[in-house]
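The block underneath contains the structure these notes are about, expressed in structure tokens.
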Amino acid sequence: MALRIDKKRYAMQGSGTAWKLDQVVDDIDRVPFSIIATNADGVPGRAGEGTLQTKAGPANVLAAVASPKTGYAGEEFVLKARTDRPAKSVSVEIDGQVFPMKGSGKSWELKKAIPDIGKKSFTITAINPLGVSGRPGQGSLTAKKSPLPIPDILAVDVTVVAPGKGYQGDRFTIQAKTSAPSDKVFLEIGGKQYTMQGSRTNWTYVARADLLGQNPYRVSARNKDDAQGKSYEGFLNTIKKPAETVNILSAAVSPKKGQLSRKFKFTAKTDRPAKSVALVVGDKRYRMTGSGTQWTLQRKLEEEGAVNVTLVALNADNVAGRSQELAVTTYKRRYTYNRADGTVTDLLSKTKLARFKDNGDNSFTGLMTDLVWAKQPKQIAVSFNDATEYCNNLEIAGKTGWRLPTLREWKQLVDRKQQNPSLPIGNPFTNVSTQFGYWSKSRHKFGPQYVYQMSLWYGKPNHLKKSDNALVWPVRYALEQN
């Protein structure tokens, strides 16, 4: 059995032929309704229709609340009311004044600033469409005094008191600035708390730094409500008296002239034990290894030509002493290649040499590149991952550090005027197959699964997927250690 009022359907309670429904009807005046019954098969019968004659009942206030319940004077509170029936208007009385609330139906509210401090009671009354007042609702709120601004420490300035030098035991002036007027400002240092002198936002104190190095301190401020803001922590840094300077007595470099690709060995001797010694090249500084008065460093240089380097020592206070300069000559090329006969010319001695130096261990060093190539490549084509693993595990005459060549290194090796294989005239390599390409370690633009490969039939590069097979020709740097 169902009741329909104003397009809304309500299920009735009952059984057999007796059914009823208790339902609040908010509409006023004549309200048509219909009742329809369904049988056990869910088939509806003929509906019965009727009309209710309603009039507006009193709208009673069910809830009268303030949000927030407790706030600060001068700030806005929201007064809310909920009625049991739709109201035509709702008003609130507070501090002897009546204010209309905004809303409709059963929900109403008023936003109002409360200027005075204290607990405020208020009464909310609703009027129905016939102008009849319902039962009012009572509520209360509390307006507190607005808090004073909480002072944060904005900045702290520390200076040593003249004629101090910032040594252990010197006095320091500590000046603090706060974000709001403060009642008291405190300095904590050395496990004790001191009250700083000043007023409003500017405060100062003179403290002694008894520790060598960092003397931690903390500055905090409070207002008249005893509320503390953000503090500031820092250090009074003291130093010991300057140590004696350390001078470079002698300096040397070996060799004095060499190719950019090699390492130069620098040595220095100081007149007394140094904390550290540095090699300075242009605007770059490199720390040398050693202790006491003996220091050394091996490294490559980046500039070509006459390079001036400076060796300088620091004492315990990191103060530099007298330095010494060294002149080093570097060059990019020592050899030129003679394509006609496959030899190279030594630019220093002006002598003609074989381009590939026999290391006597089934490997050859290319004088043009300082790269060591295996005498012969691996004869079986494998995938890229297998080729990489083969090089990593390879050991020739006790030498390790083998890898796949880069595309640039392949281009430096091949001679495209030669074919099958496209290698330089007079090269010492054996069993060089040209039926397959050779892996490189250089990634191709097609993506991470592709790398360059070199064909030694014509000496031209191409690309290959890592899962495909190609030949392996291991290479390593000439300076690579075991």
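Letters A, B, ... mark the chains of the structure tokens in the order given; residue numbers begin at 1 per chain; ligand numbers begin at 1, in order shown.
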
Write out as a Markdown table a residue-level contact list of region 48-77 of chain A versus region 133-144 of chain A with cut-off 10 Å: for each qualifying residue the closest pair of atoms and the distance in Å to one decimal, counting only C-alpha atoms, rows sorted by chain and residue number upward.
| residue | atom | partner | partner_atom | distance |
| --- | --- | --- | --- | --- |
| A:Gly57 | CA | A:Gly134 | CA | 8.5 |
| A:Pro58 | CA | A:Gly134 | CA | 4.7 |
| A:Ala59 | CA | A:Gly134 | CA | 4.8 |
| A:Asn60 | CA | A:Gly134 | CA | 4.4 |
| A:Val61 | CA | A:Gly137 | CA | 5.1 |
| A:Leu62 | CA | A:Gly137 | CA | 6.6 |
| A:Ala63 | CA | A:Gly137 | CA | 6.3 |
| A:Ala64 | CA | A:Gly139 | CA | 5.4 |
| A:Val65 | CA | A:Gly139 | CA | 5.7 |
| A:Ala66 | CA | A:Leu141 | CA | 6.2 |
| A:Ser67 | CA | A:Leu141 | CA | 8.2 |
| A:Pro68 | CA | A:Leu141 | CA | 7.8 |
| A:Lys69 | CA | A:Leu141 | CA | 5.1 |
| A:Thr70 | CA | A:Thr142 | CA | 4.7 |
| A:Gly71 | CA | A:Ala143 | CA | 5.1 |
| A:Tyr72 | CA | A:Lys144 | CA | 4.6 |
| A:Ala73 | CA | A:Ala143 | CA | 4.9 |
| A:Gly74 | CA | A:Ala143 | CA | 8.3 |
| A:Glu75 | CA | A:Ala143 | CA | 8.6 |
| A:Phe77 | CA | A:Leu141 | CA | 8.7 |

> Which neighbours of Leu371 (chain A) fall inside 9 Å, counting only C-alpha atoms, when residues of the same chain fewer than 3 positions from it are skipped, and could you give them as JSON, numbers by chain?
Replying inline: {"A": [364, 365, 366, 367, 368, 409, 475, 476, 477, 478, 479]}

>> Based on the backbone DSSP call, show me all residues of region 153-383 of chain A assigned strand (DSSP E or B), as an MDAnalysis selection string.
In response: chainID A and resid 153:160 167 171:182 184:189 192:195 197:208 214:222 228 232:237 239 248:254 257:259 264:270 276:281 284:287 289:291 294:299 305:314 320 324:331 335:338 343:346 352:354 356:358 363:366 371:374 378:382

> Neighbours of Thr195 (chain A) within 7 Å (only C-alpha atoms; same-chain residues fewer than 5 positions away dropped), as a list in words?
Replying inline: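 These residues fall inside the cut-off: Val185, Phe186 and Leu187 of chain A.
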
Kindly save the residues from that selection, with N, CA and C atoms included, as a CSV table (one decimal), in the first residue's frame.
chain,number,residue,atom,x,y,z
A,185,VAL,N,63.6,39.2,26.5
A,185,VAL,CA,64.4,38.4,25.5
A,185,VAL,C,65.5,37.7,26.3
A,186,PHE,N,65.7,36.4,26.0
A,186,PHE,CA,66.7,35.6,26.8
A,186,PHE,C,67.8,35.1,25.9
A,187,LEU,N,69.0,35.0,26.4
A,187,LEU,CA,70.1,34.4,25.7
A,187,LEU,C,70.5,33.2,26.6

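With distances restricted to only C-alpha atoms, A:Ala155 is the closest residue to Asn202 (chain A) from A:Ala155, A:Ala227, A:Leu260, A:Ile189.
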
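Of the residues under consideration (A:Ile174, A:Leu311, A:Ala470, A:Val432), A:Val432 shows the shortest atom-to-atom contact distance to Asn420 (chain A) when counting only C-alpha atoms.
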
>> Taking 3 positions as the minimum chain separation for residues in the same chain, which residues sit within 12 Å of Gly164 (chain A) when counting only C-alpha atoms? Answer as a list in words.
In response: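 That gives Thr159, Val160, Val161, Tyr167, Gln168, Gly169, Asp170, Arg171, Phe172, Thr173, Arg208, Ala209, Thr238, Ile239 and Lys241 of chain A.
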
Non-local contacts of Ser89 (chain A) (12 Å; only C-alpha atoms; under 5 positions in same chain excluded) as a short mmCIF file (atom, residue, chain, number, x, y, z; two decimals) with C-alpha atoms, in the first residue's frame:
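Contents of part.cif, as written:
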data_model
loop_
_atom_site.label_atom_id
_atom_site.label_comp_id
_atom_site.auth_asym_id
_atom_site.auth_seq_id
_atom_site.Cartn_x
_atom_site.Cartn_y
_atom_site.Cartn_z
CA PRO A 58 4.28 27.18 14.82
CA ALA A 59 7.95 26.89 13.76
CA ASN A 60 9.90 25.90 16.85
CA VAL A 61 13.66 26.37 17.15
CA ALA A 81 19.30 27.91 13.85
CA ARG A 82 17.32 24.82 12.85
CA THR A 83 13.50 24.74 13.08
CA PHE A 99 18.96 40.95 14.07
CA PRO A 100 17.21 39.13 11.19
CA MET A 101 18.82 35.85 10.12
CA LYS A 102 19.27 34.68 6.55
CA GLY A 103 17.99 31.41 5.21
CA SER A 104 14.84 29.54 4.18
CA GLY A 105 12.79 26.57 5.23
CA LYS A 106 14.30 25.08 8.35
CA SER A 107 17.91 26.37 8.15
CA TRP A 108 18.93 29.92 9.09
CA GLU A 109 22.15 31.73 10.02
CA ILE A 124 16.56 32.79 18.36
CA THR A 125 12.85 33.01 17.46
CA ALA A 126 11.13 31.72 14.31
CA ILE A 127 7.83 33.04 12.80
CA ASN A 128 5.64 30.86 10.58
CA PRO A 129 3.81 32.09 7.42
CA LEU A 130 0.81 33.11 9.56
CA GLY A 131 3.01 35.40 11.68
CA VAL A 132 2.89 33.12 14.72
CA SER A 133 6.05 32.74 16.83
CA GLY A 134 7.16 29.27 17.81
#

>> Just checking: using only C-alpha atoms, which residue out of A:Ser146, A:Asn462, A:Ser363, A:Asp225 ends up closest to Pro115 (chain A)?
In response: A:Ser146

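Note that CA of Ile153 (chain A) and CA of Leu212 (chain A) are 26.2 Å apart.
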